[in-house]
>>> print(open('target_18.cif').read())   # mmCIF, C-alpha atoms and all ligand atoms
data_structure
loop_
_atom_site.label_atom_id
_atom_site.label_comp_id
_atom_site.auth_asym_id
_atom_site.auth_seq_id
_atom_site.Cartn_x
_atom_site.Cartn_y
_atom_site.Cartn_z
CA MET H 1 38.04 37.64 -12.20
CA GLU H 2 38.91 40.78 -10.27
CA ALA H 3 42.33 42.30 -11.02
CA LEU H 4 44.93 42.21 -8.27
CA LEU H 5 46.55 45.33 -9.63
CA THR H 6 45.07 47.97 -11.93
CA ALA H 7 46.76 50.92 -13.58
CA VAL H 8 44.45 53.45 -15.24
CA ASN H 9 45.67 56.26 -17.49
CA VAL H 10 48.99 56.42 -15.66
CA LYS H 11 51.41 59.18 -16.66
CA LYS H 12 55.00 59.76 -15.61
CA THR H 13 57.18 62.71 -16.55
CA TYR H 14 60.69 63.29 -15.23
CA LEU H 15 62.23 66.69 -14.72
CA GLU H 16 65.68 67.15 -16.23
CA GLY H 17 66.67 70.56 -14.94
CA THR H 18 63.73 72.64 -16.13
CA ARG H 19 62.89 70.32 -19.03
CA ARG H 20 59.96 67.90 -18.64
CA VAL H 21 60.63 64.48 -20.16
CA PRO H 22 57.47 62.39 -20.62
CA VAL H 23 58.16 58.65 -20.29
CA ILE H 24 54.75 57.11 -19.64
CA GLY H 25 51.82 58.88 -21.25
CA GLY H 26 48.46 57.42 -20.30
CA LEU H 27 49.01 53.73 -19.72
CA ASP H 28 46.41 51.10 -18.74
CA PHE H 29 47.37 47.72 -17.30
CA ASN H 30 45.62 44.94 -15.37
CA LEU H 31 47.30 42.13 -13.48
CA TYR H 32 45.21 39.15 -12.37
CA PRO H 33 45.90 36.81 -9.44
CA GLY H 34 48.33 34.03 -10.33
CA GLU H 35 49.44 35.56 -13.63
CA TYR H 36 52.99 35.63 -14.99
CA VAL H 37 53.48 38.72 -17.16
CA VAL H 38 56.65 39.87 -18.87
CA VAL H 39 57.36 43.53 -19.71
CA MET H 40 59.44 44.15 -22.83
CA GLY H 41 60.33 47.25 -24.84
CA SER H 42 63.37 49.03 -26.22
CA SER H 43 65.95 50.58 -23.92
CA GLY H 44 64.55 53.74 -22.33
CA SER H 45 60.93 52.84 -23.14
CA GLY H 46 60.04 53.08 -19.44
CA LYS H 47 59.98 49.45 -18.25
CA SER H 48 61.78 50.10 -14.95
CA SER H 49 59.74 53.26 -14.42
CA LEU H 50 56.57 51.22 -14.83
CA LEU H 51 57.73 48.56 -12.37
CA TYR H 52 58.57 51.21 -9.75
CA LEU H 53 55.14 52.76 -10.20
CA LEU H 54 53.33 49.40 -9.98
CA GLY H 55 55.24 48.55 -6.79
CA GLY H 56 54.46 51.90 -5.13
CA MET H 57 58.13 52.89 -5.05
CA ASP H 58 57.42 55.92 -7.20
CA THR H 59 54.25 57.92 -7.76
CA PRO H 60 52.60 58.72 -11.09
CA CYS H 61 52.12 62.32 -12.21
CA ALA H 62 48.52 61.45 -13.15
CA GLY H 63 46.22 58.44 -13.23
CA SER H 64 45.46 55.75 -10.70
CA ILE H 65 47.15 52.55 -9.49
CA GLN H 66 45.18 50.18 -7.29
CA ILE H 67 46.51 47.11 -5.50
CA GLY H 68 43.91 44.84 -3.93
CA GLY H 69 41.41 47.69 -4.21
CA GLY H 70 43.63 50.23 -2.38
CA LYS H 71 44.53 53.35 -4.36
CA LEU H 72 48.26 54.03 -4.10
CA GLU H 73 47.85 57.73 -4.88
CA ALA H 74 45.50 58.12 -1.89
CA MET H 75 48.06 56.68 0.57
CA ASP H 76 50.62 58.71 2.49
CA GLU H 77 54.23 57.45 2.47
CA THR H 78 53.75 55.43 5.69
CA LYS H 79 50.73 53.58 4.29
CA ARG H 80 52.47 53.04 0.98
CA ALA H 81 55.51 51.59 2.74
CA LEU H 82 53.24 49.20 4.65
CA MET H 83 51.48 48.16 1.45
CA ARG H 84 54.86 47.54 -0.25
CA ARG H 85 56.10 45.45 2.65
CA GLU H 86 52.99 43.30 2.83
CA ARG H 87 52.05 42.90 -0.81
CA ILE H 88 55.08 43.49 -3.03
CA GLY H 89 58.38 41.65 -3.41
CA PHE H 90 60.98 43.37 -5.61
CA VAL H 91 63.96 41.73 -7.33
CA PHE H 92 66.54 44.12 -8.82
CA GLN H 93 68.90 43.42 -11.72
CA ASP H 94 71.96 44.20 -9.57
CA PHE H 95 70.68 42.22 -6.54
CA ASN H 96 70.89 45.20 -4.08
CA LEU H 97 72.06 43.09 -1.14
CA VAL H 98 73.57 44.77 1.92
CA PRO H 99 77.30 43.99 1.60
CA HIS H 100 78.19 43.70 5.30
CA LEU H 101 75.33 41.31 6.13
CA SER H 102 75.32 37.56 5.51
CA LEU H 103 72.89 36.12 2.95
CA LEU H 104 70.65 34.92 5.79
CA GLU H 105 70.73 38.34 7.48
CA ASN H 106 69.88 40.05 4.18
CA ILE H 107 66.69 37.97 4.04
CA LEU H 108 65.92 38.35 7.75
CA VAL H 109 66.10 42.17 7.85
CA ALA H 110 63.38 42.39 5.21
CA GLY H 111 61.22 40.02 7.29
CA TYR H 112 61.89 41.71 10.64
CA LEU H 113 60.28 44.90 9.28
CA GLY H 114 56.91 43.12 9.32
CA THR H 115 54.67 42.08 12.18
CA THR H 116 55.49 38.35 12.06
CA SER H 117 57.40 36.96 15.07
CA ARG H 118 61.18 36.81 14.66
CA ARG H 119 61.12 33.07 15.15
CA ALA H 120 58.60 32.59 12.32
CA VAL H 121 60.65 34.89 10.07
CA ARG H 122 63.80 32.84 10.77
CA GLU H 123 61.98 29.60 9.94
CA ARG H 124 60.59 31.05 6.74
CA ALA H 125 64.00 32.45 5.75
CA ARG H 126 65.52 28.96 6.12
CA GLU H 127 62.70 27.44 4.04
CA LEU H 128 63.16 30.05 1.31
CA MET H 129 66.94 29.55 1.26
CA ALA H 130 66.29 25.86 0.69
CA LEU H 131 63.75 26.66 -2.03
CA VAL H 132 66.25 28.81 -3.94
CA GLY H 133 69.13 26.41 -3.20
CA ILE H 134 71.45 28.56 -1.05
CA GLU H 135 70.87 27.10 2.42
CA HIS H 136 74.56 26.07 2.61
CA LEU H 137 75.61 29.72 2.07
CA ALA H 138 73.61 31.27 4.92
CA ASP H 139 76.63 32.76 6.72
CA ARG H 140 78.50 34.04 3.67
CA ARG H 141 78.52 37.69 2.75
CA PRO H 142 77.39 38.62 -0.77
CA ALA H 143 80.98 39.22 -1.96
CA GLN H 144 81.83 35.62 -1.00
CA THR H 145 79.16 34.23 -3.34
CA SER H 146 78.54 34.17 -7.10
CA GLY H 147 76.18 36.48 -8.97
CA GLY H 148 73.69 33.65 -9.42
CA GLU H 149 73.75 32.88 -5.69
CA GLN H 150 73.30 36.56 -4.83
CA GLN H 151 70.32 36.81 -7.15
CA ARG H 152 68.77 33.69 -5.60
CA CYS H 153 69.22 35.36 -2.20
CA ALA H 154 67.51 38.48 -3.57
CA VAL H 155 64.57 36.31 -4.68
CA ALA H 156 64.32 34.71 -1.22
CA ARG H 157 64.39 38.22 0.31
CA ALA H 158 61.60 39.33 -2.03
CA LEU H 159 59.48 36.38 -0.85
CA ILE H 160 60.08 36.70 2.89
CA ASN H 161 56.84 38.60 3.59
CA ASP H 162 54.83 36.27 1.33
CA PRO H 163 53.87 39.08 -1.09
CA ASP H 164 50.91 38.82 -3.47
CA ILE H 165 53.01 40.20 -6.31
CA VAL H 166 56.67 39.74 -7.19
CA LEU H 167 58.12 42.43 -9.46
CA ALA H 168 61.48 41.61 -11.04
CA ASP H 169 63.50 44.15 -13.02
CA GLU H 170 65.71 42.22 -15.47
CA PRO H 171 66.60 39.62 -12.84
CA THR H 172 68.76 37.67 -15.29
CA GLY H 173 70.49 40.73 -16.78
CA ASN H 174 73.68 40.21 -14.77
CA LEU H 175 73.74 36.41 -14.93
CA ASN H 176 75.47 34.03 -17.34
CA GLY H 177 73.46 31.55 -19.43
CA ALA H 178 73.34 28.70 -16.88
CA ASN H 179 72.55 30.98 -13.94
CA SER H 180 69.97 32.77 -16.00
CA ARG H 181 68.15 29.49 -16.75
CA THR H 182 68.31 28.53 -13.05
CA MET H 183 66.75 31.88 -12.18
CA LEU H 184 63.99 31.46 -14.78
CA ASP H 185 63.31 27.93 -13.49
CA LEU H 186 63.04 29.42 -10.02
CA PHE H 187 60.47 31.95 -11.24
CA ASP H 188 58.53 29.05 -12.80
CA THR H 189 58.56 27.35 -9.38
CA ILE H 190 57.41 30.51 -7.61
CA HIS H 191 54.66 31.00 -10.17
CA GLY H 192 53.68 27.35 -9.72
CA ARG H 193 53.26 28.03 -5.99
CA GLY H 194 50.59 30.61 -6.84
CA GLN H 195 52.57 33.84 -6.72
CA THR H 196 51.76 36.58 -9.26
CA LEU H 197 54.81 37.70 -11.24
CA VAL H 198 55.78 40.66 -13.39
CA MET H 199 59.26 40.44 -14.92
CA VAL H 200 61.09 42.90 -17.15
CA THR H 201 63.33 41.19 -19.68
CA HIS H 202 65.06 41.85 -23.01
CA GLU H 203 65.23 38.15 -23.84
CA PRO H 204 62.45 36.64 -25.98
CA ALA H 205 63.35 33.13 -24.76
CA ALA H 206 62.83 34.27 -21.16
CA ALA H 207 59.58 36.03 -22.11
CA CYS H 208 58.22 32.73 -23.45
CA ARG H 209 58.02 31.46 -19.87
CA ALA H 210 55.23 33.96 -19.15
CA GLN H 211 51.56 33.88 -20.11
CA ARG H 212 51.57 37.25 -21.79
CA VAL H 213 53.89 40.05 -22.78
CA ALA H 214 53.26 43.74 -22.11
CA TYR H 215 55.27 45.64 -24.71
CA MET H 216 56.09 49.26 -23.93
CA ALA H 217 56.37 51.74 -26.78
CA ASP H 218 55.68 55.45 -26.97
CA GLY H 219 54.70 55.54 -23.31
CA SER H 220 51.88 53.01 -23.50
CA ILE H 221 51.44 49.24 -23.60
CA GLU H 222 50.49 46.74 -26.27
CA GLU H 223 49.82 43.20 -25.13
CA PHE H 224 50.63 39.81 -26.58
CA ALA H 225 49.11 36.65 -25.06
CA PHE H 226 50.57 33.27 -25.96
CA PRO H 227 47.80 31.15 -27.48
CA ASP H 228 47.05 28.05 -25.38
CA HIS H 229 47.32 25.64 -28.28
CA VAL H 230 50.92 26.59 -29.21
CA ALA H 231 53.56 24.21 -27.85
CA SER H 232 56.50 25.76 -26.01
CA GLU H 233 58.83 25.32 -29.03
CA GLY H 234 56.54 27.43 -31.21
CA ARG H 235 56.13 30.30 -28.76
CA GLU H 236 59.40 32.12 -29.41
CA ALA H 237 58.83 32.33 -33.19
CA LEU H 238 55.34 33.73 -32.61
CA LEU H 239 56.60 36.30 -30.13
CA LEU H 240 59.53 37.34 -32.34
CA ASN H 241 57.17 37.82 -35.25
CA TRP H 242 54.83 39.94 -33.12
CA LEU H 243 57.75 41.99 -31.76
CA SER H 244 59.27 42.57 -35.19
CA GLU H 245 55.95 43.98 -36.42
CA ARG H 246 56.40 46.59 -33.70
CA GLY H 247 59.93 47.45 -34.74
CA TRP H 248 61.66 45.66 -31.87
N1 LIG A 1 64.84 59.63 -12.11
C1 LIG A 1 64.88 59.97 -13.40
N2 LIG A 1 65.07 61.25 -13.77
C2 LIG A 1 65.07 61.61 -15.07
N3 LIG A 1 64.92 60.74 -16.10
C3 LIG A 1 64.74 59.45 -15.78
C4 LIG A 1 64.72 58.99 -14.43
N4 LIG A 1 64.53 57.65 -14.44
C5 LIG A 1 64.44 57.29 -15.74
N5 LIG A 1 64.57 58.36 -16.54
C6 LIG A 1 64.49 58.36 -18.01
O1 LIG A 1 63.24 57.81 -18.37
C7 LIG A 1 63.38 56.96 -19.50
C8 LIG A 1 62.86 55.55 -19.15
O2 LIG A 1 63.74 54.98 -18.20
P1 LIG A 1 63.54 53.48 -17.68
O3 LIG A 1 64.72 53.15 -16.83
O4 LIG A 1 62.21 53.35 -17.10
O5 LIG A 1 63.60 52.68 -19.07
P2 LIG A 1 63.83 51.13 -19.36
O6 LIG A 1 62.86 50.77 -20.42
O7 LIG A 1 63.75 50.37 -18.08
O8 LIG A 1 65.29 51.13 -19.93
P3 LIG A 1 66.43 49.98 -19.96
O9 LIG A 1 65.88 48.86 -20.79
O10 LIG A 1 67.58 50.67 -20.63
O11 LIG A 1 66.70 49.61 -18.53
C9 LIG A 1 64.83 57.00 -19.90
O12 LIG A 1 64.98 57.92 -20.95
C10 LIG A 1 65.53 57.47 -18.66
O13 LIG A 1 66.69 58.20 -18.98
#
>>> encode(input="target_18.cif", output="structure tokens", more="lines below")
Ligand SMILES: Nc1ncnc2c1ncn2[C@@H]1O[C@H](COP(=O)(O)OP(=O)(O)OP(=O)(O)O)[C@@H](O)[C@H]1O
Amino acid sequence: MEALLTAVNVKKTYLEGTRRVPVIGGLDFNLYPGEYVVVMGSSGSGKSSLLYLLGGMDTPCAGSIQIGGGKLEAMDETKRALMRRERIGFVFQDFNLVPHLSLLENILVAGYLGTTSRRAVRERARELMALVGIEHLADRRPAQTSGGEQQRCAVARALINDPDIVLADEPTGNLNGANSRTMLDLFDTIHGRGQTLVMVTHEPAAACRAQRVAYMADGSIEEFAFPDHVASEGREALLLNWLSERGW
């Protein structure tokens, strides 16, 4: 099967004053259509940096990232913005909703940037609000809703342009246990509808929902795939064992 997204020998170095700080040092990664991949790694290992690079929100210092055959590094900012809008949905840990807009408006503005008619965007926004279970909160502003409801709105916003790939950066990091499970169930639903997912998480139990784990250490990736024959109860022990061998 052809990869939907390919990263080849990707490097990222940040400048801190005059000091160069290497974070990603020659990383390879493939994402196939319909996959659900989790990214793990210790704090500061570069998980968010990787997600920003994969989504075309930041550019690598070296190497190549291709989405659907298009090379991100060959695109100018306008083309990259178009690619992001059409192909990528991003869910942030801290929701990133516009405070003075209602939940519905937060979803609509992301859809109005595209070429779809406003009427079709409104219909889709209503459908997505129902999917994530916040249709009764359409007119509320973010501050008038709970963290879990805001994150569900952020997921609906990420889906409004029907992206090929949804990238989620610790989407349960600011949620309590019950809301976190609701969010993970929602990702299961989205994955079940055929969307390709990449989620950063620190939680092994959450990681067990995915098909494989990309573990970041020393600027590159090691991968763990859950064996098909292992029942869901056995997955966490296997993953924890694998992670502990890597000093997690
Ligand atoms: N814009 C930036 N400028 C300079 N350094 C940065 C920048 N963004 C990230 N870094 C540094 O790069 C390293 C990786 O950061 P990143 O946020 O990607 O890690 P992470 O694995 O997502 O961490 P966490 O789990 O704590 O969120 C960190 O040391 C961070 O301080």
>>> closest_atom_pairs(input="target_18.cif", of="chain H", to="ligand LIG 1 (chain A)", cutoff="9 Å", atoms="all atoms listed in the file", output="Markdown table")
| residue | atom | partner | partner_atom | distance |
| --- | --- | --- | --- | --- |
| H:Lys12 | CA | A:LIG1 | O1 | 8.9 |
| H:Thr13 | CA | A:LIG1 | N3 | 8.0 |
| H:Tyr14 | CA | A:LIG1 | C2 | 4.7 |
| H:Leu15 | CA | A:LIG1 | C2 | 5.8 |
| H:Glu16 | CA | A:LIG1 | C2 | 5.7 |
| H:Arg20 | CA | A:LIG1 | C2 | 8.9 |
| H:Val21 | CA | A:LIG1 | N3 | 7.0 |
| H:Pro22 | CA | A:LIG1 | O1 | 7.7 |
| H:Val23 | CA | A:LIG1 | O1 | 5.5 |
| H:Ile24 | CA | A:LIG1 | C8 | 8.3 |
| H:Met40 | CA | A:LIG1 | O6 | 7.8 |
| H:Gly41 | CA | A:LIG1 | O6 | 6.2 |
| H:Ser42 | CA | A:LIG1 | O9 | 6.0 |
| H:Ser43 | CA | A:LIG1 | O9 | 3.6 |
| H:Gly44 | CA | A:LIG1 | O5 | 3.6 |
| H:Ser45 | CA | A:LIG1 | O6 | 3.9 |
| H:Gly46 | CA | A:LIG1 | O4 | 3.2 |
| H:Lys47 | CA | A:LIG1 | O6 | 3.8 |
| H:Ser48 | CA | A:LIG1 | O7 | 3.7 |
| H:Ser49 | CA | A:LIG1 | O4 | 3.6 |
| H:Leu50 | CA | A:LIG1 | O4 | 6.4 |
| H:Leu51 | CA | A:LIG1 | O4 | 8.1 |
| H:Tyr52 | CA | A:LIG1 | O4 | 8.5 |
| H:Asp169 | CA | A:LIG1 | O7 | 8.0 |
| H:Glu170 | CA | A:LIG1 | O11 | 8.1 |
| H:Val200 | CA | A:LIG1 | O7 | 8.0 |
| H:Thr201 | CA | A:LIG1 | O9 | 8.2 |
| H:His202 | CA | A:LIG1 | O9 | 7.4 |
| H:Met216 | CA | A:LIG1 | O6 | 7.8 |
>>> write_last_selection(input="target_18.cif", atoms="C-alpha atoms", output="compact mmCIF listing (two decimals), in the coordinates of the input")
# COMPACT_ATOMS: atom_id res chain seq x y z
CA LYS H 12 55.00 59.76 -15.61
CA THR H 13 57.18 62.71 -16.55
CA TYR H 14 60.69 63.29 -15.23
CA LEU H 15 62.23 66.69 -14.72
CA GLU H 16 65.68 67.15 -16.23
CA ARG H 20 59.96 67.90 -18.64
CA VAL H 21 60.63 64.48 -20.16
CA PRO H 22 57.47 62.39 -20.62
CA VAL H 23 58.16 58.65 -20.29
CA ILE H 24 54.75 57.11 -19.64
CA MET H 40 59.44 44.15 -22.83
CA GLY H 41 60.33 47.25 -24.84
CA SER H 42 63.37 49.03 -26.22
CA SER H 43 65.95 50.58 -23.92
CA GLY H 44 64.55 53.74 -22.33
CA SER H 45 60.93 52.84 -23.14
CA GLY H 46 60.04 53.08 -19.44
CA LYS H 47 59.98 49.45 -18.25
CA SER H 48 61.78 50.10 -14.95
CA SER H 49 59.74 53.26 -14.42
CA LEU H 50 56.57 51.22 -14.83
CA LEU H 51 57.73 48.56 -12.37
CA TYR H 52 58.57 51.21 -9.75
CA ASP H 169 63.50 44.15 -13.02
CA GLU H 170 65.71 42.22 -15.47
CA VAL H 200 61.09 42.90 -17.15
CA THR H 201 63.33 41.19 -19.68
CA HIS H 202 65.06 41.85 -23.01
CA MET H 216 56.09 49.26 -23.93
>>> closest_residue(input="target_18.cif", among="H:Leu240, H:Phe224, H:Arg193, H:Asp162", to="Arg84 in chain H", atoms="all atoms listed in the file")
H:Asp162
>>> closest_residue(input="target_18.cif", among="H:Tyr112, H:Trp242, H:Phe187, H:Trp248", to="Asn161 in chain H", atoms="all atoms listed in the file")
H:Tyr112
>>> atom_distance(input="target_18.cif", atom1="CA of Arg212 in chain H", atom2="CA of Val230 in chain H")
13.0 Å
>>> atom_distance(input="target_18.cif", atom1="CA of Arg85 in chain H", atom2="CA of Ala110 in chain H")
8.3 Å
>>> closest_residue(input="target_18.cif", among="H:Phe29, H:Arg141, H:Ala217, H:Ile160", to="Glu86 in chain H", atoms="all atoms listed in the file")
H:Ile160
>>> closest_residue(input="target_18.cif", among="H:Ala74, H:Leu167, H:Met57, H:Val39", to="Gln195 in chain H", atoms="only C-alpha atoms")
H:Leu167
>>> closest_residue(input="target_18.cif", among="H:Val109, H:Ala158, H:Leu243, H:Val37", to="Ile88 in chain H", atoms="all atoms listed in the file")
H:Ala158
>>> residues_around(input="target_18.cif", residues="Gln211 in chain H", least_positions_apart="3", cutoff="8 Å", atoms="only C-alpha atoms", output="VMD selection string")
chain H and resid 35 to 38 208 225 to 226
>>> atom_distance(input="target_18.cif", atom1="CA of Gly70 in chain H", atom2="CA of Thr196 in chain H")
17.3 Å
>>> closest_residue(input="target_18.cif", among="H:Gly133, H:Gly147, H:Pro163, H:Gly17", to="Arg87 in chain H", atoms="only C-alpha atoms")
H:Pro163
>>> residues_around(input="target_18.cif", residues="Pro99 in chain H", least_positions_apart="6", cutoff="12 Å", atoms="only C-alpha atoms", output="VMD selection string")
chain H and resid 105 to 106 140 to 145 150
>>> residues_around(input="target_18.cif", residues="range 80-82 of chain H", least_positions_apart="6", cutoff="9 Å", atoms="all atoms listed in the file", output="number ranges by chain")
H: 56-57, 72-73, 114
>>> axis_aligned_box(input="target_18.cif", around="range 147-153 of chain H", padding_each_side="6 Å", output="AutoDock Vina command-line options")
--center_x 72.5 --center_y 34.8 --center_z -5.8 --size_x 19.4 --size_y 15.9 --size_z 19.2
>>> decode(input="target_18.cif", residues="range 55-113 of chain H", atoms="C-alpha atoms", output="PDB file, in the first residue's frame")
ATOM      1  CA  GLY H  55       1.210  18.801   9.428  1.00  0.00           C
ATOM      2  CA  GLY H  56       3.204  21.380   7.447  1.00  0.00           C
ATOM      3  CA  MET H  57       2.972  23.951  10.230  1.00  0.00           C
ATOM      4  CA  ASP H  58       6.733  24.039  10.553  1.00  0.00           C
ATOM      5  CA  THR H  59       9.494  23.203   8.088  1.00  0.00           C
ATOM      6  CA  PRO H  60      12.363  20.758   8.601  1.00  0.00           C
ATOM      7  CA  CYS H  61      15.971  21.933   8.435  1.00  0.00           C
ATOM      8  CA  ALA H  62      16.741  18.947   6.183  1.00  0.00           C
ATOM      9  CA  GLY H  63      14.995  15.917   4.735  1.00  0.00           C
ATOM     10  CA  SER H  64      11.696  15.485   2.970  1.00  0.00           C
ATOM     11  CA  ILE H  65       8.036  15.236   4.012  1.00  0.00           C
ATOM     12  CA  GLN H  66       5.486  14.145   1.426  1.00  0.00           C
ATOM     13  CA  ILE H  67       1.713  14.144   1.819  1.00  0.00           C
ATOM     14  CA  GLY H  68      -0.245  12.405  -0.920  1.00  0.00           C
ATOM     15  CA  GLY H  69       2.859  12.588  -3.112  1.00  0.00           C
ATOM     16  CA  GLY H  70       3.313  16.372  -2.684  1.00  0.00           C
ATOM     17  CA  LYS H  71       6.625  17.471  -1.179  1.00  0.00           C
ATOM     18  CA  LEU H  72       6.032  19.995   1.602  1.00  0.00           C
ATOM     19  CA  GLU H  73       9.510  21.477   1.283  1.00  0.00           C
ATOM     20  CA  ALA H  74       8.856  22.300  -2.389  1.00  0.00           C
ATOM     21  CA  MET H  75       5.699  24.307  -1.589  1.00  0.00           C
ATOM     22  CA  ASP H  76       5.609  28.032  -0.881  1.00  0.00           C
ATOM     23  CA  GLU H  77       3.641  29.184   2.191  1.00  0.00           C
ATOM     24  CA  THR H  78       0.426  29.715   0.179  1.00  0.00           C
ATOM     25  CA  LYS H  79       0.507  26.183  -1.229  1.00  0.00           C
ATOM     26  CA  ARG H  80       1.378  24.745   2.160  1.00  0.00           C
ATOM     27  CA  ALA H  81      -1.538  26.575   3.758  1.00  0.00           C
ATOM     28  CA  LEU H  82      -3.867  25.141   1.102  1.00  0.00           C
ATOM     29  CA  MET H  83      -2.513  21.640   1.664  1.00  0.00           C
ATOM     30  CA  ARG H  84      -3.003  22.023   5.447  1.00  0.00           C
ATOM     31  CA  ARG H  85      -6.568  23.223   5.008  1.00  0.00           C
ATOM     32  CA  GLU H  86      -7.541  20.426   2.649  1.00  0.00           C
ATOM     33  CA  ARG H  87      -5.654  17.464   4.055  1.00  0.00           C
ATOM     34  CA  ILE H  88      -4.812  18.048   7.714  1.00  0.00           C
ATOM     35  CA  GLY H  89      -6.970  18.476  10.814  1.00  0.00           C
ATOM     36  CA  PHE H  90      -5.114  19.510  13.978  1.00  0.00           C
ATOM     37  CA  VAL H  91      -6.304  19.067  17.573  1.00  0.00           C
ATOM     38  CA  PHE H  92      -4.292  20.919  20.233  1.00  0.00           C
ATOM     39  CA  GLN H  93      -3.931  19.973  23.900  1.00  0.00           C
ATOM     40  CA  ASP H  94      -5.281  23.366  25.025  1.00  0.00           C
ATOM     41  CA  PHE H  95      -8.144  23.385  22.473  1.00  0.00           C
ATOM     42  CA  ASN H  96      -7.134  26.751  20.864  1.00  0.00           C
ATOM     43  CA  LEU H  97     -10.712  27.937  20.348  1.00  0.00           C
ATOM     44  CA  VAL H  98     -11.417  31.601  19.589  1.00  0.00           C
ATOM     45  CA  PRO H  99     -12.876  32.908  22.877  1.00  0.00           C
ATOM     46  CA  HIS H 100     -15.328  35.476  21.479  1.00  0.00           C
ATOM     47  CA  LEU H 101     -16.918  33.070  18.970  1.00  0.00           C
ATOM     48  CA  SER H 102     -19.582  30.473  19.767  1.00  0.00           C
ATOM     49  CA  LEU H 103     -18.707  26.783  19.464  1.00  0.00           C
ATOM     50  CA  LEU H 104     -20.586  26.635  16.157  1.00  0.00           C
ATOM     51  CA  GLU H 105     -18.777  29.726  14.833  1.00  0.00           C
ATOM     52  CA  ASN H 106     -15.417  28.255  15.859  1.00  0.00           C
ATOM     53  CA  ILE H 107     -16.143  25.267  13.615  1.00  0.00           C
ATOM     54  CA  LEU H 108     -17.625  27.357  10.797  1.00  0.00           C
ATOM     55  CA  VAL H 109     -14.672  29.758  10.431  1.00  0.00           C
ATOM     56  CA  ALA H 110     -12.341  26.830   9.749  1.00  0.00           C
ATOM     57  CA  GLY H 111     -14.778  25.573   7.085  1.00  0.00           C
ATOM     58  CA  TYR H 112     -15.399  28.974   5.479  1.00  0.00           C
ATOM     59  CA  LEU H 113     -11.688  29.170   4.594  1.00  0.00           C
TER      60      LEU H 113
END
